[in-house]
Amino acid sequence: MGCKVNQYETQAMEQLLAARGHTLVPFDGPADAYIINTCTVTAVSDKKSRQMIRRARKQAPEAVVAVCGCYSQTHPEDLARLPVDLVAGTGDRLGFLALLEEELEARRPITSLDDALRRREFEHLPAGGLDGRTRAMLKIEDGCRNFCTYCIIPYARGPVRSLPLSDAAAAAARLAEAGYREIVLTGIEISSWGQDLPGGESLIDLLEALSRTLPPQLRLRLGSLEPRTITEDFCRRAAALPQLCPHFHLSLQSGCDSVLRRMNRKYDAARYRQSVDLLRRFFDTPAITTDLIVGFPGETEEEFAASLRFVEDCGLAEIHVFPYSIRPGTPAARMEQVPKAIKEERAARAGQTARTLHRAYLEQWVGRTVPVLFEETGADGLWRGHAPNYMIVEAAGEQLHNRTLPVRLTGSDGEVLLGELAERP
C-alpha cells in the first residue's frame, strides 16, 4: 500500500522470500500467508489497509495474515482489533520475514515493534523486482525530521538515515548489469540524503558519483524533492549529468505563505518560485511537477485563490491535487477544519487548473523528437513509455519493451503525447 518507498520494500521482501524458498502467488488467490505492507499517510490510507487485512482473512481463514508498514508502526492498537497473526512495523524486514516463518509453524500471535524515533541505522535491502527489467527503484534514504503539522510519517519512519554513497553506487551498478534502463532514487525525504553521514556530502554529490558509475544510456530519475534542494550550485552540477532526467517533483502543498506556515513547511512561495526559475535556467523545458493540498485547516477562500494563482504563475507541468484529509495524532487534526463540501469544490477547481497546465506543457513538446523508454502496450495496441521528462508517450511499433528509441512527437490528447518512431527499431 502507499508510496514508492513501500513499493521498494515490498519488492525487496519478494526477493528475500523467493531466495528463502517460498513461492509467490497473486494476493487475490489461495495462499499459506498474506503480507500487507500498510500505509498511514491519511485516515483513508488506514481504512484501505484495514480493508485489505479483512479481505485476506475472508478469502483464506486458515492462512497467516502478517502486517507491517507505517500503519502498524503508528497504530498497533488498531491491529489488535483485527484478524491479524503477525504485526511488525517499518524496520527490520529480515526479522519480519523470519517471524513470518516462525508464525507459519507456531500459529500464535506475534507482535514485534520498535521505537522508530530511536533508529539510527539505514536498513540495507535488495533493489529491483522479480519481473521486468525496465525501471528500478533504489531506496537511498529513510526517515524525516521536518514534522509538518499534517504528517505522521516522521513518527512512523524515524529520523533521517542514508544509504552510504559507496553502497548506493554498488547497488546502482548491479541494477545496470541486470538490464534495467532507468533507476529512480527514492526515499521518505531524499533531499536530506547525507545529513547523517560523515563527510558532509549531499544529494548532488551522490548523483555525480552514480553518474560516474553507470553507463551513459541508463537514466537516473529523482524522487520528490524539497524546494530548498534546488540551488544554483545544485542546478549547475546536475545539468552536467547526461543521465539525469529533467523531471523535478518539487513538493509545494500550498502556494500561500500563511498556509505554508500553518503546515510548518520550511520555505515560502518566493523560495519555491526561485527553485522553479533556477531549474528553467539550467534545463531545457524541464517537467516541474508537484503536490497540492486544498482545504487545509483554516484555509480561506482568499488563501486558496492565492495558492491557485501561484501554481498558474509557475506554469507547472503536472499537479497532484489532494483535498486535505485528517490524520489523527497530528497538530493539523486539532485545527479548525474546512467543511467537506468546500474541500471537494476547491479540489475540483484545482483539478481543472492542473489539467489546463498539463495540456499546455505537453503542447510545448509537439514537433520535437525525444528518446522514449517503452514499457508496455495499452488497450489501443500502442506502445507506451516515458520520455526523460516523465511525460507518457504512445507510438505504434512491434516488440519495443525495454527499448529506448527516438520518437517524433506529433500531437497530444491532453493527457499523453502521441508520436511516431523516428527510426526503425
# chains A, B, ... in the order shown; residues from 1 in each chain; ligands from 1
$ select_by_dssp --residues "segment 230-260 of chain A" --states "helix (DSSP H, G or I)" --output "compact mmCIF listing (two decimals) with all heavy atoms, in the first residue's frame"
# COMPACT_ATOMS: atom_id res chain seq x y z
N GLU A 232 21.66 27.22 -7.05
CA GLU A 232 22.40 27.42 -8.31
C GLU A 232 23.50 26.37 -8.45
O GLU A 232 23.73 25.84 -9.54
CB GLU A 232 22.99 28.83 -8.36
CG GLU A 232 23.67 29.14 -9.67
CD GLU A 232 23.95 30.61 -9.87
OE1 GLU A 232 23.34 31.44 -9.16
OE2 GLU A 232 24.77 30.94 -10.75
N ASP A 233 24.18 26.05 -7.35
CA ASP A 233 25.24 25.04 -7.41
C ASP A 233 24.66 23.68 -7.78
O ASP A 233 25.22 22.97 -8.62
CB ASP A 233 25.95 24.96 -6.05
CG ASP A 233 27.02 23.89 -6.03
OD1 ASP A 233 28.04 24.05 -6.74
OD2 ASP A 233 26.84 22.87 -5.32
N PHE A 234 23.53 23.31 -7.17
CA PHE A 234 22.89 22.03 -7.49
C PHE A 234 22.53 21.98 -8.98
O PHE A 234 22.82 20.99 -9.66
CB PHE A 234 21.63 21.86 -6.64
CG PHE A 234 20.86 20.59 -6.95
CD1 PHE A 234 21.09 19.43 -6.22
CD2 PHE A 234 19.89 20.56 -7.96
CE1 PHE A 234 20.39 18.27 -6.49
CE2 PHE A 234 19.20 19.40 -8.23
CZ PHE A 234 19.45 18.25 -7.50
N CYS A 235 21.91 23.03 -9.48
CA CYS A 235 21.46 23.02 -10.87
C CYS A 235 22.63 22.98 -11.85
O CYS A 235 22.59 22.26 -12.85
CB CYS A 235 20.60 24.25 -11.15
SG CYS A 235 18.99 24.22 -10.34
N ARG A 236 23.67 23.75 -11.57
CA ARG A 236 24.83 23.77 -12.47
C ARG A 236 25.47 22.39 -12.55
O ARG A 236 25.80 21.89 -13.64
CB ARG A 236 25.84 24.80 -11.98
CG ARG A 236 27.06 24.94 -12.91
CD ARG A 236 28.05 25.97 -12.42
NE ARG A 236 28.62 25.59 -11.13
CZ ARG A 236 28.29 26.17 -9.98
NH1 ARG A 236 27.39 27.14 -9.95
NH2 ARG A 236 28.84 25.76 -8.84
N ARG A 237 25.63 21.74 -11.43
CA ARG A 237 26.25 20.41 -11.41
C ARG A 237 25.31 19.34 -11.96
O ARG A 237 25.75 18.43 -12.68
CB ARG A 237 26.69 20.08 -9.99
CG ARG A 237 27.79 21.00 -9.49
CD ARG A 237 27.97 20.93 -7.98
NE ARG A 237 28.46 19.63 -7.52
CZ ARG A 237 28.65 19.34 -6.24
NH1 ARG A 237 28.38 20.24 -5.30
NH2 ARG A 237 29.11 18.14 -5.90
N ALA A 238 24.03 19.45 -11.65
CA ALA A 238 23.06 18.46 -12.14
C ALA A 238 22.91 18.53 -13.65
O ALA A 238 22.76 17.50 -14.32
CB ALA A 238 21.72 18.67 -11.46
N ASP A 257 1.62 31.72 1.60
CA ASP A 257 2.57 31.72 2.71
C ASP A 257 1.93 31.46 4.07
O ASP A 257 2.50 30.76 4.91
CB ASP A 257 3.34 33.05 2.74
CG ASP A 257 4.37 33.15 1.63
OD1 ASP A 257 4.69 32.12 1.01
OD2 ASP A 257 4.86 34.27 1.39
N SER A 258 0.74 32.02 4.31
CA SER A 258 0.12 31.82 5.61
C SER A 258 -0.26 30.35 5.82
O SER A 258 -0.14 29.82 6.93
CB SER A 258 -1.11 32.72 5.76
OG SER A 258 -2.02 32.52 4.68
N VAL A 259 -0.68 29.68 4.76
CA VAL A 259 -1.00 28.25 4.87
C VAL A 259 0.29 27.44 5.06
O VAL A 259 0.34 26.51 5.87
CB VAL A 259 -1.77 27.76 3.63
CG1 VAL A 259 -2.01 26.25 3.71
CG2 VAL A 259 -3.10 28.49 3.51
N LEU A 260 1.33 27.81 4.34
CA LEU A 260 2.61 27.11 4.49
C LEU A 260 3.12 27.21 5.92
O LEU A 260 3.70 26.25 6.45
CB LEU A 260 3.65 27.68 3.52
CG LEU A 260 3.44 27.35 2.03
CD1 LEU A 260 4.40 28.15 1.17
CD2 LEU A 260 3.62 25.85 1.79
$ select_by_dssp --residues "segment 56-197 of chain A" --states "strand (DSSP E)" --output "ChimeraX atom specification"
/A:64-69,86-88,110-112,135-142,161-162,182-187
$ write_last_selection --atoms "N, CA and C atoms" --output "short mmCIF file (atom, residue, chain, number, x, y, z; two decimals), in the first residue's frame"
data_model
loop_
_atom_site.label_atom_id
_atom_site.label_comp_id
_atom_site.auth_asym_id
_atom_site.auth_seq_id
_atom_site.Cartn_x
_atom_site.Cartn_y
_atom_site.Cartn_z
N VAL A 64 -1.97 -17.45 7.44
CA VAL A 64 -1.34 -16.45 8.30
C VAL A 64 -1.49 -15.09 7.64
N VAL A 65 -1.99 -14.13 8.38
CA VAL A 65 -2.10 -12.74 7.91
C VAL A 65 -1.05 -11.92 8.66
N ALA A 66 -0.07 -11.42 7.92
CA ALA A 66 1.05 -10.68 8.51
C ALA A 66 1.00 -9.24 8.03
N VAL A 67 1.19 -8.31 8.95
CA VAL A 67 1.07 -6.89 8.65
C VAL A 67 2.34 -6.16 9.06
N CYS A 68 2.82 -5.30 8.18
CA CYS A 68 3.97 -4.45 8.50
C CYS A 68 3.70 -3.06 7.91
N GLY A 69 4.64 -2.15 8.03
CA GLY A 69 4.49 -0.84 7.42
C GLY A 69 4.10 0.25 8.40
N LEU A 86 0.48 -11.67 12.72
CA LEU A 86 1.81 -11.11 12.94
C LEU A 86 1.78 -9.61 12.67
N VAL A 87 2.25 -8.83 13.63
CA VAL A 87 2.28 -7.38 13.50
C VAL A 87 3.72 -6.90 13.66
N ALA A 88 4.23 -6.21 12.66
CA ALA A 88 5.54 -5.58 12.73
C ALA A 88 5.40 -4.17 12.15
N ILE A 110 1.99 -12.86 17.17
CA ILE A 110 3.31 -12.25 17.40
C ILE A 110 3.22 -10.76 17.09
N THR A 111 3.73 -9.95 17.98
CA THR A 111 3.86 -8.51 17.73
C THR A 111 5.31 -8.12 17.98
N SER A 112 5.92 -7.45 17.00
CA SER A 112 7.32 -7.05 17.11
C SER A 112 7.46 -5.63 16.60
N ARG A 135 12.35 -0.28 -15.29
CA ARG A 135 12.65 0.76 -14.30
C ARG A 135 12.79 0.12 -12.93
N ALA A 136 13.83 0.51 -12.21
CA ALA A 136 14.05 0.01 -10.87
C ALA A 136 14.11 1.17 -9.90
N MET A 137 13.57 0.96 -8.72
CA MET A 137 13.70 1.94 -7.65
C MET A 137 14.91 1.58 -6.80
N LEU A 138 15.60 2.60 -6.35
CA LEU A 138 16.71 2.42 -5.43
C LEU A 138 16.48 3.33 -4.23
N LYS A 139 16.23 2.73 -3.10
CA LYS A 139 15.98 3.50 -1.88
C LYS A 139 17.30 3.97 -1.31
N ILE A 140 17.48 5.28 -1.23
CA ILE A 140 18.74 5.84 -0.77
C ILE A 140 18.62 6.49 0.60
N GLU A 141 17.39 6.60 1.11
CA GLU A 141 17.20 7.33 2.37
C GLU A 141 15.92 6.87 3.03
N ASP A 142 15.89 6.95 4.34
CA ASP A 142 14.68 6.65 5.10
C ASP A 142 14.55 7.70 6.20
N ARG A 161 18.04 8.55 7.84
CA ARG A 161 19.15 7.61 7.70
C ARG A 161 19.45 7.43 6.22
N SER A 162 20.71 7.50 5.86
CA SER A 162 21.10 7.49 4.44
C SER A 162 21.88 6.24 4.07
N GLU A 182 16.42 2.36 -16.32
CA GLU A 182 16.22 3.59 -15.55
C GLU A 182 16.23 3.24 -14.07
N ILE A 183 16.86 4.10 -13.28
CA ILE A 183 16.89 3.95 -11.84
C ILE A 183 16.24 5.18 -11.22
N VAL A 184 15.23 4.95 -10.38
CA VAL A 184 14.53 6.03 -9.69
C VAL A 184 15.03 6.07 -8.25
N LEU A 185 15.63 7.17 -7.86
CA LEU A 185 16.11 7.32 -6.49
C LEU A 185 14.95 7.72 -5.59
N THR A 186 14.69 6.90 -4.60
CA THR A 186 13.52 7.13 -3.76
C THR A 186 13.90 7.11 -2.29
N GLY A 187 13.01 7.62 -1.47
CA GLY A 187 13.20 7.67 -0.03
C GLY A 187 12.05 8.46 0.57
#
$ residues_around --residues "segment 354-369 of chain A" --least-positions-apart "5" --cutoff "12 Å" --atoms "only C-alpha atoms" --output "PDB file with C-alpha atoms, in the first residue's frame"
ATOM      1  CA  ASP A 284      15.569  22.815 -21.392  1.00  0.00           C
ATOM      2  CA  THR A 285      11.812  22.782 -20.708  1.00  0.00           C
ATOM      3  CA  PRO A 286      12.079  20.640 -17.559  1.00  0.00           C
ATOM      4  CA  ALA A 287       8.995  18.935 -16.179  1.00  0.00           C
ATOM      5  CA  ILE A 288       8.383  20.532 -12.793  1.00  0.00           C
ATOM      6  CA  THR A 289       5.608  18.661 -11.021  1.00  0.00           C
ATOM      7  CA  THR A 290       4.138  18.953  -7.551  1.00  0.00           C
ATOM      8  CA  ASP A 291       1.542  18.020  -4.948  1.00  0.00           C
ATOM      9  CA  LEU A 292      -1.124  20.460  -3.793  1.00  0.00           C
ATOM     10  CA  LEU A 308      -4.160  28.639  -7.294  1.00  0.00           C
ATOM     11  CA  ARG A 309      -2.778  31.849  -8.801  1.00  0.00           C
ATOM     12  CA  VAL A 311       0.667  27.426  -9.444  1.00  0.00           C
ATOM     13  CA  GLU A 312      -0.751  29.048 -12.578  1.00  0.00           C
ATOM     14  CA  ASP A 313       2.027  31.628 -12.500  1.00  0.00           C
ATOM     15  CA  CYS A 314       4.653  28.895 -12.070  1.00  0.00           C
ATOM     16  CA  GLY A 315       3.263  27.010 -15.092  1.00  0.00           C
ATOM     17  CA  LEU A 316       3.867  23.590 -13.564  1.00  0.00           C
ATOM     18  CA  ALA A 317       3.803  20.530 -15.802  1.00  0.00           C
ATOM     19  CA  GLU A 318       1.667  18.334 -13.566  1.00  0.00           C
ATOM     20  CA  ILE A 319      -0.087  18.776 -10.227  1.00  0.00           C
ATOM     21  CA  HIS A 320      -1.445  16.038  -7.991  1.00  0.00           C
ATOM     22  CA  VAL A 321      -4.355  17.602  -6.118  1.00  0.00           C
ATOM     23  CA  PHE A 322      -5.388  16.269  -2.711  1.00  0.00           C
ATOM     24  CA  ALA A 347     -10.267  20.212  -5.314  1.00  0.00           C
ATOM     25  CA  ALA A 348     -12.417  20.283  -8.451  1.00  0.00           C
ATOM     26  CA  ARG A 349     -11.274  23.825  -9.302  1.00  0.00           C
ATOM     27  CA  ALA A 387      10.221  10.472 -22.100  1.00  0.00           C
ATOM     28  CA  PRO A 388      13.076  11.776 -19.915  1.00  0.00           C
ATOM     29  CA  ASN A 389      10.690  14.427 -18.540  1.00  0.00           C
ATOM     30  CA  TYR A 390       8.390  11.581 -17.373  1.00  0.00           C
ATOM     31  CA  MET A 391       5.610  12.524 -19.775  1.00  0.00           C
ATOM     32  CA  ILE A 392       3.854   9.466 -21.200  1.00  0.00           C
ATOM     33  CA  VAL A 393       4.373   8.881 -24.929  1.00  0.00           C
ATOM     34  CA  LEU A 405      14.049   4.830 -29.108  1.00  0.00           C
ATOM     35  CA  PRO A 406      13.710   8.325 -30.596  1.00  0.00           C
ATOM     36  CA  VAL A 407      10.097   9.339 -31.133  1.00  0.00           C
ATOM     37  CA  ARG A 408       8.873  12.294 -33.189  1.00  0.00           C
ATOM     38  CA  LEU A 409       6.028  13.860 -31.211  1.00  0.00           C
ATOM     39  CA  THR A 410       3.073  14.581 -33.456  1.00  0.00           C
ATOM     40  CA  GLY A 411       0.364  15.614 -31.027  1.00  0.00           C
ATOM     41  CA  SER A 412      -1.281  15.276 -27.650  1.00  0.00           C
ATOM     42  CA  ASP A 413      -4.673  14.204 -26.381  1.00  0.00           C
ATOM     43  CA  GLY A 414      -4.306  16.415 -23.317  1.00  0.00           C
ATOM     44  CA  GLU A 415      -3.068  13.583 -21.117  1.00  0.00           C
ATOM     45  CA  VAL A 416      -0.304  11.863 -23.083  1.00  0.00           C
ATOM     46  CA  LEU A 417       1.935  12.702 -26.008  1.00  0.00           C
ATOM     47  CA  LEU A 418       1.424  10.902 -29.326  1.00  0.00           C
ATOM     48  CA  GLY A 419       4.249  10.183 -31.723  1.00  0.00           C
ATOM     49  CA  GLU A 420       5.882   8.008 -34.331  1.00  0.00           C
ATOM     50  CA  LEU A 421       9.216   6.227 -34.268  1.00  0.00           C
ATOM     51  CA  ALA A 422      11.887   8.446 -35.772  1.00  0.00           C
ATOM     52  CA  GLU A 423      13.917   5.437 -36.879  1.00  0.00           C
TER      53      GLU A 423
END
$ closest_residue --among "A:Ala31, A:Met1, A:Ala332, A:Leu165" --to "Lys47 of chain A" --atoms "only C-alpha atoms"
A:Met1
$ closest_residue --among "A:Glu226, A:Leu214, A:Ala172, A:Ala395" --to "Ile190 of chain A" --atoms "only C-alpha atoms"
A:Glu226
$ closest_residue --among "A:Phe248, A:Glu301, A:Pro109, A:Ile35" --to "Leu278 of chain A" --atoms "only C-alpha atoms"
A:Phe248
$ residues_around --residues "Arg384 of chain A" --least-positions-apart "3" --cutoff "6 Å" --atoms "only C-alpha atoms" --output "ChimeraX atom specification"
/A:374,376-377,393-394
$ write_last_selection --atoms "N, CA and C atoms" --output "JSON list (two decimals), in the first residue's frame"
[["chain", "number", "residue", "atom", "x", "y", "z"],
["A", 374, "PHE", "N", 10.27, 2.48, -23.71],
["A", 374, "PHE", "CA", 8.98, 1.81, -23.85],
["A", 374, "PHE", "C", 8.84, 0.70, -22.81],
["A", 376, "GLU", "N", 5.20, -0.89, -22.03],
["A", 376, "GLU", "CA", 4.04, -1.77, -22.13],
["A", 376, "GLU", "C", 3.16, -1.31, -23.28],
["A", 377, "THR", "N", 2.21, -2.17, -23.64],
["A", 377, "THR", "CA", 1.21, -1.79, -24.63],
["A", 377, "THR", "C", -0.09, -1.46, -23.92],
["A", 393, "VAL", "N", 4.38, 8.80, -23.47],
["A", 393, "VAL", "CA", 4.37, 8.88, -24.93],
["A", 393, "VAL", "C", 3.84, 7.57, -25.49],
["A", 394, "GLU", "N", 2.96, 7.66, -26.48],
["A", 394, "GLU", "CA", 2.42, 6.48, -27.15],
["A", 394, "GLU", "C", 2.83, 6.48, -28.61]]
$ residues_around --residues "Phe310 of chain A" --least-positions-apart "4" --cutoff "10 Å" --atoms "only C-alpha atoms" --output "PDB file with all heavy atoms, in the first residue's frame"
ATOM      1  N   SER A 254       1.071  24.092  -0.785  1.00  0.00           N
ATOM      2  CA  SER A 254       0.259  25.307  -0.889  1.00  0.00           C
ATOM      3  C   SER A 254       1.125  26.416  -1.456  1.00  0.00           C
ATOM      4  O   SER A 254       2.320  26.493  -1.168  1.00  0.00           O
ATOM      5  CB  SER A 254      -0.296  25.732   0.471  1.00  0.00           C
ATOM      6  OG  SER A 254      -0.996  26.973   0.356  1.00  0.00           O
ATOM      7  N   GLY A 255       0.492  27.277  -2.253  1.00  0.00           N
ATOM      8  CA  GLY A 255       1.198  28.430  -2.787  1.00  0.00           C
ATOM      9  C   GLY A 255       0.933  29.698  -2.007  1.00  0.00           C
ATOM     10  O   GLY A 255       1.248  30.794  -2.464  1.00  0.00           O
ATOM     11  N   CYS A 256       0.383  29.546  -0.809  1.00  0.00           N
ATOM     12  CA  CYS A 256       0.041  30.687   0.053  1.00  0.00           C
ATOM     13  C   CYS A 256       0.910  30.634   1.309  1.00  0.00           C
ATOM     14  O   CYS A 256       0.928  29.621   2.019  1.00  0.00           O
ATOM     15  CB  CYS A 256      -1.441  30.657   0.414  1.00  0.00           C
ATOM     16  SG  CYS A 256      -1.941  31.959   1.546  1.00  0.00           S
ATOM     17  N   ALA A 269       6.515  30.847  -0.640  1.00  0.00           N
ATOM     18  CA  ALA A 269       6.227  30.812  -2.075  1.00  0.00           C
ATOM     19  C   ALA A 269       7.375  31.412  -2.891  1.00  0.00           C
ATOM     20  O   ALA A 269       7.698  30.919  -3.975  1.00  0.00           O
ATOM     21  CB  ALA A 269       4.914  31.535  -2.359  1.00  0.00           C
ATOM     22  N   ALA A 270       7.998  32.457  -2.372  1.00  0.00           N
ATOM     23  CA  ALA A 270       9.092  33.089  -3.098  1.00  0.00           C
ATOM     24  C   ALA A 270      10.268  32.128  -3.270  1.00  0.00           C
ATOM     25  O   ALA A 270      10.895  32.076  -4.337  1.00  0.00           O
ATOM     26  CB  ALA A 270       9.537  34.356  -2.375  1.00  0.00           C
ATOM     27  N   ARG A 273       9.361  29.596  -5.930  1.00  0.00           N
ATOM     28  CA  ARG A 273       9.462  30.181  -7.276  1.00  0.00           C
ATOM     29  C   ARG A 273      10.922  30.326  -7.689  1.00  0.00           C
ATOM     30  O   ARG A 273      11.255  30.140  -8.863  1.00  0.00           O
ATOM     31  CB  ARG A 273       8.749  31.531  -7.315  1.00  0.00           C
ATOM     32  CG  ARG A 273       8.754  32.167  -8.707  1.00  0.00           C
ATOM     33  CD  ARG A 273       8.144  31.200  -9.735  1.00  0.00           C
ATOM     34  NE  ARG A 273       8.404  31.589 -11.093  1.00  0.00           N
ATOM     35  CZ  ARG A 273       7.506  32.219 -11.870  1.00  0.00           C
ATOM     36  NH1 ARG A 273       6.314  32.515 -11.374  1.00  0.00           N
ATOM     37  NH2 ARG A 273       7.793  32.534 -13.108  1.00  0.00           N
ATOM     38  N   PHE A 304      -6.893  30.106  -0.661  1.00  0.00           N
ATOM     39  CA  PHE A 304      -6.976  29.120  -1.745  1.00  0.00           C
ATOM     40  C   PHE A 304      -6.756  29.794  -3.093  1.00  0.00           C
ATOM     41  O   PHE A 304      -6.010  29.278  -3.950  1.00  0.00           O
ATOM     42  CB  PHE A 304      -8.327  28.425  -1.725  1.00  0.00           C
ATOM     43  CG  PHE A 304      -8.581  27.586  -2.957  1.00  0.00           C
ATOM     44  CD1 PHE A 304      -7.899  26.398  -3.161  1.00  0.00           C
ATOM     45  CD2 PHE A 304      -9.497  27.997  -3.926  1.00  0.00           C
ATOM     46  CE1 PHE A 304      -8.122  25.631  -4.300  1.00  0.00           C
ATOM     47  CE2 PHE A 304      -9.726  27.237  -5.061  1.00  0.00           C
ATOM     48  CZ  PHE A 304      -9.040  26.058  -5.251  1.00  0.00           C
ATOM     49  N   ALA A 305      -7.390  30.945  -3.310  1.00  0.00           N
ATOM     50  CA  ALA A 305      -7.238  31.657  -4.585  1.00  0.00           C
ATOM     51  C   ALA A 305      -5.782  32.062  -4.808  1.00  0.00           C
ATOM     52  O   ALA A 305      -5.268  31.969  -5.935  1.00  0.00           O
ATOM     53  CB  ALA A 305      -8.146  32.889  -4.604  1.00  0.00           C
ATOM     54  N   ALA A 306      -5.090  32.473  -3.740  1.00  0.00           N
ATOM     55  CA  ALA A 306      -3.685  32.848  -3.861  1.00  0.00           C
ATOM     56  C   ALA A 306      -2.836  31.644  -4.252  1.00  0.00           C
ATOM     57  O   ALA A 306      -1.915  31.735  -5.066  1.00  0.00           O
ATOM     58  CB  ALA A 306      -3.192  33.446  -2.546  1.00  0.00           C
ATOM     59  N   CYS A 314       3.471  29.752 -11.925  1.00  0.00           N
ATOM     60  CA  CYS A 314       4.653  28.895 -12.070  1.00  0.00           C
ATOM     61  C   CYS A 314       4.596  28.050 -13.347  1.00  0.00           C
ATOM     62  O   CYS A 314       5.632  27.600 -13.841  1.00  0.00           O
ATOM     63  CB  CYS A 314       4.793  27.974 -10.860  1.00  0.00           C
ATOM     64  SG  CYS A 314       5.344  28.795  -9.350  1.00  0.00           S
ATOM     65  N   GLY A 315       3.396  27.807 -13.882  1.00  0.00           N
ATOM     66  CA  GLY A 315       3.263  27.010 -15.092  1.00  0.00           C
ATOM     67  C   GLY A 315       3.774  25.589 -14.931  1.00  0.00           C
ATOM     68  O   GLY A 315       4.507  25.076 -15.783  1.00  0.00           O
ATOM     69  N   LEU A 316       3.365  24.931 -13.854  1.00  0.00           N
ATOM     70  CA  LEU A 316       3.867  23.590 -13.564  1.00  0.00           C
ATOM     71  C   LEU A 316       3.354  22.571 -14.575  1.00  0.00           C
ATOM     72  O   LEU A 316       2.266  22.715 -15.130  1.00  0.00           O
ATOM     73  CB  LEU A 316       3.462  23.191 -12.145  1.00  0.00           C
ATOM     74  CG  LEU A 316       3.970  24.142 -11.052  1.00  0.00           C
ATOM     75  CD1 LEU A 316       3.407  23.742  -9.699  1.00  0.00           C
ATOM     76  CD2 LEU A 316       5.489  24.167 -11.012  1.00  0.00           C
TER      77      LEU A 316
END
$ closest_residue --among "A:Arg55, A:Arg346, A:Arg181, A:Arg50" --to "Pro30 of chain A" --atoms "only C-alpha atoms"
A:Arg55
$ closest_residue --among "A:Pro323, A:Lys4, A:Leu163, A:Ala127" --to "Leu222 of chain A" --atoms "only C-alpha atoms"
A:Lys4
$ atom_distance --atom1 "atom CA of His249 of chain A" --atom2 "atom CA of Leu225 of chain A"
6.0 Å
$ residues_around --residues "Ile36 of chain A" --least-positions-apart "2" --cutoff "12 Å" --atoms "only C-alpha atoms" --output "ChimeraX atom specification"
/A:1-2,6-7,9-10,13,27,33-34,38-39,46,48-57,64-72,79,84-90
$ closest_residue --among "A:Glu201, A:Glu398, A:Glu177, A:Asp78" --to "Leu218 of chain A" --atoms "only C-alpha atoms"
A:Glu177
$ residues_around --residues "Gly295 of chain A" --least-positions-apart "5" --cutoff "6 Å" --atoms "only C-alpha atoms" --output "compact mmCIF listing (two decimals) with all heavy atoms, in the first residue's frame"
# COMPACT_ATOMS: atom_id res chain seq x y z
N PRO A 323 -7.51 16.84 -1.60
CA PRO A 323 -8.25 17.53 -0.54
C PRO A 323 -7.65 17.11 0.80
O PRO A 323 -7.32 15.93 0.98
CB PRO A 323 -9.68 17.02 -0.69
CG PRO A 323 -9.69 16.03 -1.80
CD PRO A 323 -8.30 15.80 -2.28
N TYR A 324 -7.48 18.04 1.70
CA TYR A 324 -6.89 17.71 2.99
C TYR A 324 -7.68 16.61 3.68
O TYR A 324 -8.91 16.66 3.75
CB TYR A 324 -6.84 18.95 3.89
CG TYR A 324 -6.47 18.61 5.32
CD1 TYR A 324 -5.16 18.29 5.66
CD2 TYR A 324 -7.44 18.56 6.32
CE1 TYR A 324 -4.82 17.94 6.95
CE2 TYR A 324 -7.10 18.22 7.62
CZ TYR A 324 -5.80 17.90 7.94
OH TYR A 324 -5.48 17.55 9.23
N VAL A 338 -11.91 22.72 7.49
CA VAL A 338 -12.71 23.23 6.38
C VAL A 338 -13.80 22.21 6.06
O VAL A 338 -13.51 21.01 5.97
CB VAL A 338 -11.82 23.48 5.14
CG1 VAL A 338 -12.66 23.88 3.94
CG2 VAL A 338 -10.76 24.54 5.45
N LYS A 343 -13.97 21.63 0.59
CA LYS A 343 -12.74 20.97 0.16
C LYS A 343 -12.93 20.32 -1.22
O LYS A 343 -12.07 20.42 -2.09
CB LYS A 343 -12.33 19.91 1.19
CG LYS A 343 -11.76 20.49 2.47
CD LYS A 343 -11.09 19.44 3.33
CE LYS A 343 -12.05 18.45 3.92
NZ LYS A 343 -11.38 17.54 4.89
$ atom_distance --atom1 "atom CA of Cys144 of chain A" --atom2 "atom CA of Val41 of chain A"
13.3 Å
$ decode --residues "segment 139-149 of chain A" --atoms "N, CA and C atoms" --output "PDB file, in the first residue's frame"
ATOM      1  N   LYS A 139      16.228   2.726  -3.103  1.00  0.00           N
ATOM      2  CA  LYS A 139      15.979   3.496  -1.878  1.00  0.00           C
ATOM      3  C   LYS A 139      17.304   3.966  -1.312  1.00  0.00           C
ATOM      4  N   ILE A 140      17.475   5.277  -1.234  1.00  0.00           N
ATOM      5  CA  ILE A 140      18.740   5.835  -0.775  1.00  0.00           C
ATOM      6  C   ILE A 140      18.624   6.494   0.597  1.00  0.00           C
ATOM      7  N   GLU A 141      17.394   6.603   1.114  1.00  0.00           N
ATOM      8  CA  GLU A 141      17.202   7.335   2.370  1.00  0.00           C
ATOM      9  C   GLU A 141      15.924   6.866   3.034  1.00  0.00           C
ATOM     10  N   ASP A 142      15.886   6.954   4.344  1.00  0.00           N
ATOM     11  CA  ASP A 142      14.679   6.652   5.101  1.00  0.00           C
ATOM     12  C   ASP A 142      14.552   7.697   6.201  1.00  0.00           C
ATOM     13  N   GLY A 143      13.317   7.943   6.619  1.00  0.00           N
ATOM     14  CA  GLY A 143      13.080   8.852   7.737  1.00  0.00           C
ATOM     15  C   GLY A 143      12.934  10.310   7.322  1.00  0.00           C
ATOM     16  N   CYS A 144      12.425  11.108   8.265  1.00  0.00           N
ATOM     17  CA  CYS A 144      12.179  12.539   8.017  1.00  0.00           C
ATOM     18  C   CYS A 144      12.185  13.269   9.351  1.00  0.00           C
ATOM     19  N   ARG A 145      12.688  14.496   9.335  1.00  0.00           N
ATOM     20  CA  ARG A 145      12.673  15.290  10.560  1.00  0.00           C
ATOM     21  C   ARG A 145      12.014  16.650  10.354  1.00  0.00           C
ATOM     22  N   ASN A 146      11.166  16.743   9.346  1.00  0.00           N
ATOM     23  CA  ASN A 146      10.505  18.014   9.065  1.00  0.00           C
ATOM     24  C   ASN A 146       9.307  18.271   9.979  1.00  0.00           C
ATOM     25  N   PHE A 147       8.587  17.221  10.360  1.00  0.00           N
ATOM     26  CA  PHE A 147       7.431  17.325  11.255  1.00  0.00           C
ATOM     27  C   PHE A 147       6.433  18.387  10.783  1.00  0.00           C
ATOM     28  N   CYS A 148       5.982  18.232   9.539  1.00  0.00           N
ATOM     29  CA  CYS A 148       4.897  19.077   9.039  1.00  0.00           C
ATOM     30  C   CYS A 148       3.645  18.781   9.874  1.00  0.00           C
ATOM     31  N   THR A 149       2.808  19.779  10.069  1.00  0.00           N
ATOM     32  CA  THR A 149       1.704  19.635  11.016  1.00  0.00           C
ATOM     33  C   THR A 149       0.641  18.647  10.570  1.00  0.00           C
TER      34      THR A 149
END
